[in-house]
$ cat model_39.pdb   # PDB, C-alpha atoms
ATOM      1  CA  MET A  25      27.364  10.068  -5.080  1.00  0.00           C
ATOM      2  CA  PRO A  26      26.409   6.819  -6.863  1.00  0.00           C
ATOM      3  CA  ILE A  27      25.953   6.980 -10.630  1.00  0.00           C
ATOM      4  CA  TRP A  28      22.646   6.596 -12.442  1.00  0.00           C
ATOM      5  CA  GLN A  29      21.927   3.046 -13.579  1.00  0.00           C
ATOM      6  CA  GLU A  30      19.088   1.327 -15.359  1.00  0.00           C
ATOM      7  CA  SER A  31      16.938  -0.835 -13.122  1.00  0.00           C
ATOM      8  CA  ARG A  32      14.039  -3.017 -14.192  1.00  0.00           C
ATOM      9  CA  ILE A  33      10.759  -3.563 -12.362  1.00  0.00           C
ATOM     10  CA  VAL A  34      10.349  -7.282 -11.721  1.00  0.00           C
ATOM     11  CA  ALA A  35       7.129  -7.242  -9.673  1.00  0.00           C
ATOM     12  CA  ALA A  36       4.368  -4.856  -8.625  1.00  0.00           C
ATOM     13  CA  ALA A  37       1.458  -5.238  -6.206  1.00  0.00           C
ATOM     14  CA  ALA A  38      -0.960  -3.131  -4.175  1.00  0.00           C
ATOM     15  CA  GLU A  39       0.147  -2.718  -0.571  1.00  0.00           C
ATOM     16  CA  THR A  40      -2.700  -0.469   0.655  1.00  0.00           C
ATOM     17  CA  PRO A  41      -5.362   1.535  -1.225  1.00  0.00           C
ATOM     18  CA  ARG A  42      -2.795   4.314  -1.724  1.00  0.00           C
ATOM     19  CA  VAL A  43       0.540   2.478  -1.626  1.00  0.00           C
ATOM     20  CA  ARG A  44       2.042   0.212  -4.291  1.00  0.00           C
ATOM     21  CA  ARG A  45       4.966  -2.133  -3.786  1.00  0.00           C
ATOM     22  CA  LEU A  46       7.516  -2.264  -6.592  1.00  0.00           C
ATOM     23  CA  THR A  47      10.371  -4.780  -6.679  1.00  0.00           C
ATOM     24  CA  LEU A  48      13.330  -3.626  -8.756  1.00  0.00           C
ATOM     25  CA  ALA A  49      16.426  -5.513  -9.865  1.00  0.00           C
ATOM     26  CA  VAL A  50      19.674  -3.782  -8.879  1.00  0.00           C
ATOM     27  CA  GLY A  51      23.304  -4.491  -9.699  1.00  0.00           C
ATOM     28  CA  TRP A  52      25.120  -2.483  -7.067  1.00  0.00           C
ATOM     29  CA  ASP A  53      28.777  -3.034  -6.304  1.00  0.00           C
ATOM     30  CA  ARG A  54      28.162  -2.869  -2.546  1.00  0.00           C
ATOM     31  CA  PRO A  55      25.348  -3.908  -0.185  1.00  0.00           C
ATOM     32  CA  PHE A  56      22.859  -1.348   1.027  1.00  0.00           C
ATOM     33  CA  ARG A  57      22.071  -0.721   4.697  1.00  0.00           C
ATOM     34  CA  ALA A  58      18.675  -0.733   6.373  1.00  0.00           C
ATOM     35  CA  GLY A  59      17.372   2.835   6.328  1.00  0.00           C
ATOM     36  CA  GLN A  60      18.989   3.953   3.072  1.00  0.00           C
ATOM     37  CA  HIS A  61      17.123   5.302   0.055  1.00  0.00           C
ATOM     38  CA  VAL A  62      17.414   5.614  -3.712  1.00  0.00           C
ATOM     39  CA  ASP A  63      16.809   8.366  -6.217  1.00  0.00           C
ATOM     40  CA  VAL A  64      14.649   7.592  -9.229  1.00  0.00           C
ATOM     41  CA  ARG A  65      14.494   9.693 -12.392  1.00  0.00           C
ATOM     42  CA  LEU A  66      11.811   9.758 -15.061  1.00  0.00           C
ATOM     43  CA  THR A  67      12.367  11.312 -18.482  1.00  0.00           C
ATOM     44  CA  ALA A  68       9.467  12.342 -20.730  1.00  0.00           C
ATOM     45  CA  PRO A  69       9.658  12.127 -24.566  1.00  0.00           C
ATOM     46  CA  ASP A  70      10.209  15.904 -24.698  1.00  0.00           C
ATOM     47  CA  GLY A  71      13.220  15.623 -22.376  1.00  0.00           C
ATOM     48  CA  TYR A  72      11.491  16.841 -19.223  1.00  0.00           C
ATOM     49  CA  GLN A  73      12.853  15.048 -16.160  1.00  0.00           C
ATOM     50  CA  ALA A  74      11.466  14.502 -12.673  1.00  0.00           C
ATOM     51  CA  GLN A  75      13.498  13.052  -9.815  1.00  0.00           C
ATOM     52  CA  ARG A  76      12.376  11.803  -6.398  1.00  0.00           C
ATOM     53  CA  SER A  77      13.831   9.891  -3.463  1.00  0.00           C
ATOM     54  CA  TYR A  78      12.280   6.731  -2.026  1.00  0.00           C
ATOM     55  CA  SER A  79      13.324   4.655   0.967  1.00  0.00           C
ATOM     56  CA  ILE A  80      14.158   0.993   0.560  1.00  0.00           C
ATOM     57  CA  ALA A  81      11.713  -1.282   2.399  1.00  0.00           C
ATOM     58  CA  SER A  82      13.455  -4.620   1.958  1.00  0.00           C
ATOM     59  CA  SER A  83      16.196  -6.183   4.066  1.00  0.00           C
ATOM     60  CA  PRO A  84      19.853  -5.945   3.008  1.00  0.00           C
ATOM     61  CA  THR A  85      20.083  -9.714   3.402  1.00  0.00           C
ATOM     62  CA  HIS A  86      18.332 -10.105   0.029  1.00  0.00           C
ATOM     63  CA  PRO A  87      20.800  -8.728  -2.546  1.00  0.00           C
ATOM     64  CA  GLY A  88      19.900  -8.301  -6.176  1.00  0.00           C
ATOM     65  CA  THR A  89      16.498  -6.693  -5.666  1.00  0.00           C
ATOM     66  CA  ILE A  90      14.980  -3.922  -3.571  1.00  0.00           C
ATOM     67  CA  ASP A  91      11.388  -3.141  -2.621  1.00  0.00           C
ATOM     68  CA  LEU A  92      10.006   0.388  -2.808  1.00  0.00           C
ATOM     69  CA  LEU A  93       6.642   1.255  -1.256  1.00  0.00           C
ATOM     70  CA  ILE A  94       5.342   4.290  -3.109  1.00  0.00           C
ATOM     71  CA  GLU A  95       2.366   6.279  -1.882  1.00  0.00           C
ATOM     72  CA  ARG A  96       0.196   7.899  -4.522  1.00  0.00           C
ATOM     73  CA  LEU A  97      -0.086  11.639  -3.885  1.00  0.00           C
ATOM     74  CA  ASP A  98      -2.991  13.577  -5.370  1.00  0.00           C
ATOM     75  CA  ASP A  99      -0.770  15.905  -7.405  1.00  0.00           C
ATOM     76  CA  GLY A 100       2.280  13.659  -7.623  1.00  0.00           C
ATOM     77  CA  GLU A 101       3.629  13.298 -11.133  1.00  0.00           C
ATOM     78  CA  VAL A 102       6.208  10.675 -10.137  1.00  0.00           C
ATOM     79  CA  SER A 103       4.116   8.793  -7.584  1.00  0.00           C
ATOM     80  CA  GLY A 104       1.225   8.855 -10.063  1.00  0.00           C
ATOM     81  CA  PHE A 105       3.389   7.181 -12.699  1.00  0.00           C
ATOM     82  CA  PHE A 106       4.475   4.434 -10.326  1.00  0.00           C
ATOM     83  CA  SER A 107       0.929   3.941  -9.057  1.00  0.00           C
ATOM     84  CA  ASP A 108      -0.948   3.996 -12.359  1.00  0.00           C
ATOM     85  CA  VAL A 109       1.468   3.351 -15.233  1.00  0.00           C
ATOM     86  CA  ALA A 110       4.598   1.416 -14.246  1.00  0.00           C
ATOM     87  CA  GLU A 111       4.498  -2.340 -14.779  1.00  0.00           C
ATOM     88  CA  PRO A 112       6.897  -5.295 -14.501  1.00  0.00           C
ATOM     89  CA  GLY A 113       9.434  -5.170 -17.304  1.00  0.00           C
ATOM     90  CA  ASP A 114       9.675  -1.375 -17.349  1.00  0.00           C
ATOM     91  CA  ALA A 115      13.152   0.133 -17.080  1.00  0.00           C
ATOM     92  CA  ILE A 116      13.708   2.898 -14.517  1.00  0.00           C
ATOM     93  CA  GLU A 117      16.712   5.154 -13.956  1.00  0.00           C
ATOM     94  CA  LEU A 118      17.894   4.638 -10.402  1.00  0.00           C
ATOM     95  CA  ARG A 119      20.764   5.889  -8.235  1.00  0.00           C
ATOM     96  CA  GLY A 120      21.762   4.387  -4.911  1.00  0.00           C
ATOM     97  CA  PRO A 121      22.106   3.287  -2.244  1.00  0.00           C
ATOM     98  CA  ILE A 122      22.181   6.711  -0.584  1.00  0.00           C
ATOM     99  CA  GLY A 123      22.418   7.820   3.052  1.00  0.00           C
ATOM    100  CA  GLY A 124      24.630   7.060   6.003  1.00  0.00           C
ATOM    101  CA  ALA A 125      23.098   8.741   9.038  1.00  0.00           C
ATOM    102  CA  PHE A 126      19.641   7.179   9.178  1.00  0.00           C
ATOM    103  CA  VAL A 127      20.742   3.540   9.131  1.00  0.00           C
ATOM    104  CA  TRP A 128      20.744   0.624  11.534  1.00  0.00           C
ATOM    105  CA  GLU A 129      23.012  -2.418  11.456  1.00  0.00           C
ATOM    106  CA  PRO A 130      22.951  -5.465  13.757  1.00  0.00           C
ATOM    107  CA  ALA A 131      26.298  -4.546  15.305  1.00  0.00           C
ATOM    108  CA  GLN A 132      24.679  -1.422  16.746  1.00  0.00           C
ATOM    109  CA  GLY A 133      22.429  -3.552  18.937  1.00  0.00           C
ATOM    110  CA  GLY A 134      19.469  -2.175  20.845  1.00  0.00           C
ATOM    111  CA  PRO A 135      16.937  -1.799  22.350  1.00  0.00           C
ATOM    112  CA  LEU A 136      15.548  -0.223  19.213  1.00  0.00           C
ATOM    113  CA  LEU A 137      12.642   2.259  19.214  1.00  0.00           C
ATOM    114  CA  LEU A 138      11.144   3.012  15.797  1.00  0.00           C
ATOM    115  CA  VAL A 139       8.490   5.718  15.351  1.00  0.00           C
ATOM    116  CA  GLY A 140       6.865   6.141  11.949  1.00  0.00           C
ATOM    117  CA  GLY A 141       4.115   8.312  10.540  1.00  0.00           C
ATOM    118  CA  GLY A 142       2.251   7.154   7.423  1.00  0.00           C
ATOM    119  CA  SER A 143       4.620   6.016   4.701  1.00  0.00           C
ATOM    120  CA  GLY A 144       7.474   7.126   6.947  1.00  0.00           C
ATOM    121  CA  VAL A 145       7.373   3.554   8.218  1.00  0.00           C
ATOM    122  CA  VAL A 146       9.119   2.322   5.046  1.00  0.00           C
ATOM    123  CA  PRO A 147      12.797   2.588   6.138  1.00  0.00           C
ATOM    124  CA  LEU A 148      11.770   1.316   9.570  1.00  0.00           C
ATOM    125  CA  LEU A 149      10.384  -1.809   7.908  1.00  0.00           C
ATOM    126  CA  ALA A 150      13.805  -2.410   6.391  1.00  0.00           C
ATOM    127  CA  MET A 151      15.332  -2.194   9.865  1.00  0.00           C
ATOM    128  CA  LEU A 152      12.767  -4.557  11.369  1.00  0.00           C
ATOM    129  CA  ARG A 153      13.197  -7.083   8.583  1.00  0.00           C
ATOM    130  CA  HIS A 154      16.966  -6.938   8.882  1.00  0.00           C
ATOM    131  CA  ARG A 155      16.759  -7.321  12.660  1.00  0.00           C
ATOM    132  CA  ALA A 156      14.497 -10.379  12.384  1.00  0.00           C
ATOM    133  CA  GLU A 157      16.920 -12.110  10.028  1.00  0.00           C
ATOM    134  CA  ALA A 158      20.287 -11.026  11.403  1.00  0.00           C
ATOM    135  CA  ALA A 159      19.799  -9.995  15.057  1.00  0.00           C
ATOM    136  CA  PRO A 160      16.522 -11.417  16.431  1.00  0.00           C
ATOM    137  CA  GLY A 161      17.765 -11.025  19.999  1.00  0.00           C
ATOM    138  CA  VAL A 162      17.691  -7.214  19.755  1.00  0.00           C
ATOM    139  CA  PRO A 163      14.538  -5.855  21.473  1.00  0.00           C
ATOM    140  CA  ALA A 164      12.535  -3.569  19.194  1.00  0.00           C
ATOM    141  CA  LEU A 165       9.273  -1.649  19.335  1.00  0.00           C
ATOM    142  CA  LEU A 166       7.508   0.052  16.434  1.00  0.00           C
ATOM    143  CA  LEU A 167       5.155   2.914  17.270  1.00  0.00           C
ATOM    144  CA  TYR A 168       3.309   3.557  14.031  1.00  0.00           C
ATOM    145  CA  SER A 169       0.771   6.292  13.271  1.00  0.00           C
ATOM    146  CA  ALA A 170      -1.621   5.777  10.346  1.00  0.00           C
ATOM    147  CA  ARG A 171      -5.038   7.127   9.433  1.00  0.00           C
ATOM    148  CA  THR A 172      -6.978   3.856   9.474  1.00  0.00           C
ATOM    149  CA  ALA A 173      -6.277   0.135   9.714  1.00  0.00           C
ATOM    150  CA  ALA A 174      -6.528  -0.063   5.912  1.00  0.00           C
ATOM    151  CA  ASP A 175      -3.693   2.472   5.624  1.00  0.00           C
ATOM    152  CA  VAL A 176      -1.246   0.448   7.734  1.00  0.00           C
ATOM    153  CA  ILE A 177       1.591  -0.550   5.415  1.00  0.00           C
ATOM    154  CA  ALA A 178       2.637  -4.210   5.776  1.00  0.00           C
ATOM    155  CA  ARG A 179      -0.205  -4.641   8.257  1.00  0.00           C
ATOM    156  CA  ASP A 180      -0.428  -8.449   8.078  1.00  0.00           C
ATOM    157  CA  GLU A 181       3.333  -8.809   8.419  1.00  0.00           C
ATOM    158  CA  LEU A 182       3.513  -6.455  11.377  1.00  0.00           C
ATOM    159  CA  MET A 183       0.612  -8.136  13.159  1.00  0.00           C
ATOM    160  CA  ARG A 184       2.207 -11.539  12.586  1.00  0.00           C
ATOM    161  CA  ARG A 185       5.536 -10.329  13.943  1.00  0.00           C
ATOM    162  CA  ASP A 186       3.844  -8.782  16.972  1.00  0.00           C
ATOM    163  CA  ALA A 187       2.044 -12.043  17.740  1.00  0.00           C
ATOM    164  CA  GLY A 188       4.891 -14.465  17.234  1.00  0.00           C
ATOM    165  CA  GLU A 189       8.267 -12.753  17.091  1.00  0.00           C
ATOM    166  CA  PRO A 190      10.115 -12.661  20.430  1.00  0.00           C
ATOM    167  CA  GLY A 191      11.470  -9.276  21.344  1.00  0.00           C
ATOM    168  CA  PHE A 192       9.273  -7.278  18.945  1.00  0.00           C
ATOM    169  CA  ARG A 193       6.245  -5.193  19.864  1.00  0.00           C
ATOM    170  CA  LEU A 194       3.892  -3.201  17.660  1.00  0.00           C
ATOM    171  CA  ARG A 195       1.923  -0.205  18.892  1.00  0.00           C
ATOM    172  CA  LEU A 196      -0.501   1.405  16.418  1.00  0.00           C
ATOM    173  CA  ALA A 197      -1.983   4.896  16.623  1.00  0.00           C
ATOM    174  CA  LEU A 198      -4.888   5.026  14.142  1.00  0.00           C
ATOM    175  CA  THR A 199      -5.835   8.679  14.006  1.00  0.00           C
ATOM    176  CA  ARG A 200      -9.099   8.423  12.026  1.00  0.00           C
ATOM    177  CA  GLU A 201     -10.560   5.310  13.577  1.00  0.00           C
ATOM    178  CA  PRO A 202     -13.274   5.717  16.256  1.00  0.00           C
ATOM    179  CA  GLY A 203     -11.579   6.692  19.467  1.00  0.00           C
ATOM    180  CA  GLY A 204      -8.240   7.091  17.716  1.00  0.00           C
ATOM    181  CA  ARG A 205      -5.656   9.679  18.627  1.00  0.00           C
ATOM    182  CA  ARG A 206      -2.289  10.858  17.445  1.00  0.00           C
ATOM    183  CA  ILE A 207       1.019   9.905  19.013  1.00  0.00           C
ATOM    184  CA  ASP A 208       1.159  11.979  22.182  1.00  0.00           C
ATOM    185  CA  ALA A 209       3.098  12.044  25.428  1.00  0.00           C
ATOM    186  CA  ALA A 210       1.002   9.212  26.847  1.00  0.00           C
ATOM    187  CA  ARG A 211       1.709   6.937  23.884  1.00  0.00           C
ATOM    188  CA  ILE A 212       5.407   7.729  24.037  1.00  0.00           C
ATOM    189  CA  GLY A 213       5.403   6.930  27.740  1.00  0.00           C
ATOM    190  CA  GLU A 214       3.635   3.613  27.135  1.00  0.00           C
ATOM    191  CA  ALA A 215       6.145   2.656  24.436  1.00  0.00           C
ATOM    192  CA  LEU A 216       9.091   3.464  26.672  1.00  0.00           C
ATOM    193  CA  ALA A 217       7.562   1.510  29.548  1.00  0.00           C
ATOM    194  CA  ASP A 218       7.141  -1.512  27.249  1.00  0.00           C
ATOM    195  CA  LEU A 219      10.601  -1.353  25.703  1.00  0.00           C
ATOM    196  CA  GLY A 220      12.772   0.184  28.390  1.00  0.00           C
ATOM    197  CA  PRO A 221      15.390   2.868  27.647  1.00  0.00           C
ATOM    198  CA  PRO A 222      16.207   2.660  23.926  1.00  0.00           C
ATOM    199  CA  ALA A 223      19.812   2.619  22.787  1.00  0.00           C
ATOM    200  CA  HIS A 224      18.761   3.864  19.347  1.00  0.00           C
ATOM    201  CA  THR A 225      15.628   5.712  18.272  1.00  0.00           C
ATOM    202  CA  PHE A 226      14.647   6.315  14.648  1.00  0.00           C
ATOM    203  CA  VAL A 227      11.800   8.672  13.715  1.00  0.00           C
ATOM    204  CA  CYS A 228      10.522   9.028  10.162  1.00  0.00           C
ATOM    205  CA  GLY A 229       7.578  10.901   8.640  1.00  0.00           C
ATOM    206  CA  SER A 230       6.489  14.345   7.577  1.00  0.00           C
ATOM    207  CA  ASN A 231       8.278  17.420   8.895  1.00  0.00           C
ATOM    208  CA  PRO A 232       5.557  18.265  11.466  1.00  0.00           C
ATOM    209  CA  PHE A 233       5.357  14.638  12.614  1.00  0.00           C
ATOM    210  CA  VAL A 234       9.099  14.268  13.108  1.00  0.00           C
ATOM    211  CA  SER A 235       9.385  17.581  14.940  1.00  0.00           C
ATOM    212  CA  ALA A 236       6.504  16.795  17.293  1.00  0.00           C
ATOM    213  CA  VAL A 237       7.646  13.241  18.050  1.00  0.00           C
ATOM    214  CA  SER A 238      11.258  14.287  18.590  1.00  0.00           C
ATOM    215  CA  ASP A 239      10.153  16.881  21.144  1.00  0.00           C
ATOM    216  CA  LEU A 240       7.972  14.319  22.916  1.00  0.00           C
ATOM    217  CA  LEU A 241      10.839  11.846  23.089  1.00  0.00           C
ATOM    218  CA  VAL A 242      13.242  14.389  24.560  1.00  0.00           C
ATOM    219  CA  ASP A 243      10.586  15.501  27.038  1.00  0.00           C
ATOM    220  CA  ALA A 244      10.194  11.847  28.045  1.00  0.00           C
ATOM    221  CA  GLY A 245      13.905  11.605  28.819  1.00  0.00           C
ATOM    222  CA  VAL A 246      15.281   9.997  25.660  1.00  0.00           C
ATOM    223  CA  PRO A 247      18.741  11.522  25.048  1.00  0.00           C
ATOM    224  CA  ALA A 248      18.676  13.688  21.932  1.00  0.00           C
ATOM    225  CA  ALA A 249      22.019  12.238  20.817  1.00  0.00           C
ATOM    226  CA  THR A 250      20.398   8.800  20.421  1.00  0.00           C
ATOM    227  CA  ILE A 251      17.533  10.037  18.199  1.00  0.00           C
ATOM    228  CA  ARG A 252      17.929   9.954  14.424  1.00  0.00           C
ATOM    229  CA  THR A 253      15.338  11.470  12.133  1.00  0.00           C
ATOM    230  CA  GLU A 254      14.327  11.300   8.491  1.00  0.00           C
ATOM    231  CA  ARG A 255      11.912  13.924   7.180  1.00  0.00           C
ATOM    232  CA  PHE A 256       9.763  13.469   4.109  1.00  0.00           C
ATOM    233  CA  GLY A 257       8.336  16.300   2.087  1.00  0.00           C
ATOM    234  CA  GLY A 258       6.813  16.874  -1.319  1.00  0.00           C
ATOM    235  CA  GLU A 259       6.684  13.690  -3.339  1.00  0.00           C
ATOM    236  CA  THR A 260       8.939  11.608  -1.115  1.00  0.00           C
ATOM    237  CA  PRO A 261       6.997   8.948   0.884  1.00  0.00           C
TER     238      PRO A 261
END
$ encode --input "model_39.pdb" --output "structure tokens"
Amino acid sequence: MPIWQESRIVAAAAETPRVRRLTLAVGWDRPFRAGQHVDVRLTAPDGYQAQRSYSIASSPTHPGTIDLLIERLDDGEVSGFFSDVAEPGDAIELRGPIGGAFVWEPAQGGPLLLVGGGSGVVPLLAMLRHRAEAAPGVPALLLYSARTAADVIARDELMRRDAGEPGFRLRLALTREPGGRRIDAARIGEALADLGPPAHTFVCGSNPFVSAVSDLLVDAGVPAATIRTERFGGETP
């Protein structure tokens, strides 16, 4: 397990009404991989500590900094700090990079099917960004479920990629927009028809989301051995 190190926030900006993007300087002795995460630890003056895990949103091709996209939860003590208190210049205890199963590297190839729910899109963004820079010939499709258009993380970037990036397709499921619906068997079927049989499928979101989508994928004929999942719970986005 990596050791705890001090990292400093170098930039912060609103991503959506509930999500804030933080850029942190890191001095790791090895590159991270798209899909990995970090642990962060906060320590109060009385010694109380709180620790959470957050996925890295940025591409591994940009060493020296990482982007975290942190969703503010109503009762989240850590997410509340990062949303309301943390500012550039602040020092944060950080440990990483962590994780080896839910990762994608250009050598793995594709086609690549990515399915994200809410802030579960964050590690998938890292994969898409890495693909665009290092393996643009790999076909990829992102099926992304969010409440409304305003809640779509990296919306402008994703729309721009969908319009002008060869080999990439975006399919949104906006559950609280008029006429919206959740990701269901029909949407999975449409995604598979657009992409073709995926060589690798990554699913990330809440426990119920990941379970439901994984079942739908298997029912649609995607081999279970090619599906990798990341489940978020509690304070983790």
$ resolve_selection --input "model_39.pdb" --expression "the PyMOL selection byres ((chain A and resi 146-152) around 8)" --output "compact mmCIF listing (two decimals) with C-alpha atoms, in the frame of the given file"
# COMPACT_ATOMS: atom_id res chain seq x y z
CA ALA A 58 18.68 -0.73 6.37
CA GLY A 59 17.37 2.84 6.33
CA GLN A 60 18.99 3.95 3.07
CA HIS A 61 17.12 5.30 0.06
CA SER A 79 13.32 4.66 0.97
CA ILE A 80 14.16 0.99 0.56
CA ALA A 81 11.71 -1.28 2.40
CA SER A 82 13.46 -4.62 1.96
CA SER A 83 16.20 -6.18 4.07
CA PRO A 84 19.85 -5.94 3.01
CA LEU A 93 6.64 1.25 -1.26
CA VAL A 127 20.74 3.54 9.13
CA TRP A 128 20.74 0.62 11.53
CA GLU A 129 23.01 -2.42 11.46
CA LEU A 138 11.14 3.01 15.80
CA VAL A 139 8.49 5.72 15.35
CA GLY A 140 6.86 6.14 11.95
CA SER A 143 4.62 6.02 4.70
CA GLY A 144 7.47 7.13 6.95
CA VAL A 145 7.37 3.55 8.22
CA ARG A 153 13.20 -7.08 8.58
CA HIS A 154 16.97 -6.94 8.88
CA ARG A 155 16.76 -7.32 12.66
CA ALA A 156 14.50 -10.38 12.38
CA ALA A 164 12.54 -3.57 19.19
CA PHE A 226 14.65 6.32 14.65
CA CYS A 228 10.52 9.03 10.16
$ residues_around --input "model_39.pdb" --residues "Ala49 in chain A" --least-positions-apart "2" --cutoff "7 Å" --atoms "only C-alpha atoms" --output "list in words"
Ser31, Arg32, Ile33, Val34, Thr47, Gly51, Gly88, Thr89 and Ile90 of chain A
$ resolve_selection --input "model_39.pdb" --expression "the PyMOL selection byres ((chain A and resi 244) around 8)" --output "compact mmCIF listing (two decimals) with C-alpha atoms, keeping the file's coordinate frame"
# COMPACT_ATOMS: atom_id res chain seq x y z
CA ALA A 209 3.10 12.04 25.43
CA ILE A 212 5.41 7.73 24.04
CA GLY A 213 5.40 6.93 27.74
CA LEU A 240 7.97 14.32 22.92
CA LEU A 241 10.84 11.85 23.09
CA VAL A 242 13.24 14.39 24.56
CA ASP A 243 10.59 15.50 27.04
CA GLY A 245 13.90 11.60 28.82
CA VAL A 246 15.28 10.00 25.66
$ closest_residue --input "model_39.pdb" --among "A:Asp208, A:Asp239, A:Asp108, A:Glu95" --to "Arg42 in chain A" --atoms "all atoms listed in the file"
A:Glu95
$ closest_residue --input "model_39.pdb" --among "A:Ala110, A:Val176, A:Ala187, A:Leu165" --to "Glu39 in chain A" --atoms "all atoms listed in the file"
A:Val176
$ atom_distance --input "model_39.pdb" --atom1 "CA of Leu198 in chain A" --atom2 "CA of Leu216 in chain A"
18.8 Å
$ resolve_selection --input "model_39.pdb" --expression "the PyMOL selection byres ((chain A and resi 133) around 9)" --output "tab-separated table (two decimals) with C-alpha atoms, in the coordinates of the input"
chain	number	residue	atom	x	y	z
A	128	TRP	CA	20.74	0.62	11.53
A	129	GLU	CA	23.01	-2.42	11.46
A	130	PRO	CA	22.95	-5.46	13.76
A	131	ALA	CA	26.30	-4.55	15.30
A	132	GLN	CA	24.68	-1.42	16.75
A	134	GLY	CA	19.47	-2.17	20.84
A	135	PRO	CA	16.94	-1.80	22.35
A	136	LEU	CA	15.55	-0.22	19.21
A	159	ALA	CA	19.80	-9.99	15.06
A	161	GLY	CA	17.76	-11.02	20.00
A	162	VAL	CA	17.69	-7.21	19.76
A	163	PRO	CA	14.54	-5.86	21.47
A	223	ALA	CA	19.81	2.62	22.79
A	224	HIS	CA	18.76	3.86	19.35
$ residues_around --input "model_39.pdb" --residues "Val227 in chain A" --least-positions-apart "2" --cutoff "8 Å" --atoms "only C-alpha atoms" --output "list in words"
Leu138, Val139, Gly140, Thr225, Gly229, Val234, Val237, Ser238, Ile251, Arg252, Thr253 and Glu254 of chain A
$ write_last_selection --input "model_39.pdb" --atoms "C-alpha atoms" --output "JSON list (two decimals), in the frame of the given file"
[["chain", "number", "residue", "atom", "x", "y", "z"],
["A", 138, "LEU", "CA", 11.14, 3.01, 15.80],
["A", 139, "VAL", "CA", 8.49, 5.72, 15.35],
["A", 140, "GLY", "CA", 6.86, 6.14, 11.95],
["A", 225, "THR", "CA", 15.63, 5.71, 18.27],
["A", 229, "GLY", "CA", 7.58, 10.90, 8.64],
["A", 234, "VAL", "CA", 9.10, 14.27, 13.11],
["A", 237, "VAL", "CA", 7.65, 13.24, 18.05],
["A", 238, "SER", "CA", 11.26, 14.29, 18.59],
["A", 251, "ILE", "CA", 17.53, 10.04, 18.20],
["A", 252, "ARG", "CA", 17.93, 9.95, 14.42],
["A", 253, "THR", "CA", 15.34, 11.47, 12.13],
["A", 254, "GLU", "CA", 14.33, 11.30, 8.49]]
$ closest_residue --input "model_39.pdb" --among "A:Leu92, A:Glu201, A:Asp218, A:Arg193" --to "Asp175 in chain A" --atoms "all atoms listed in the file"
A:Glu201
$ residues_around --input "model_39.pdb" --residues "Gly141 in chain A" --least-positions-apart "6" --cutoff "8 Å" --atoms "only C-alpha atoms" --output "count of residues only"
7
$ closest_residue --input "model_39.pdb" --among "A:Ala174, A:Met183, A:Leu137, A:Ala35" --to "Pro222 in chain A" --atoms "only C-alpha atoms"
A:Leu137
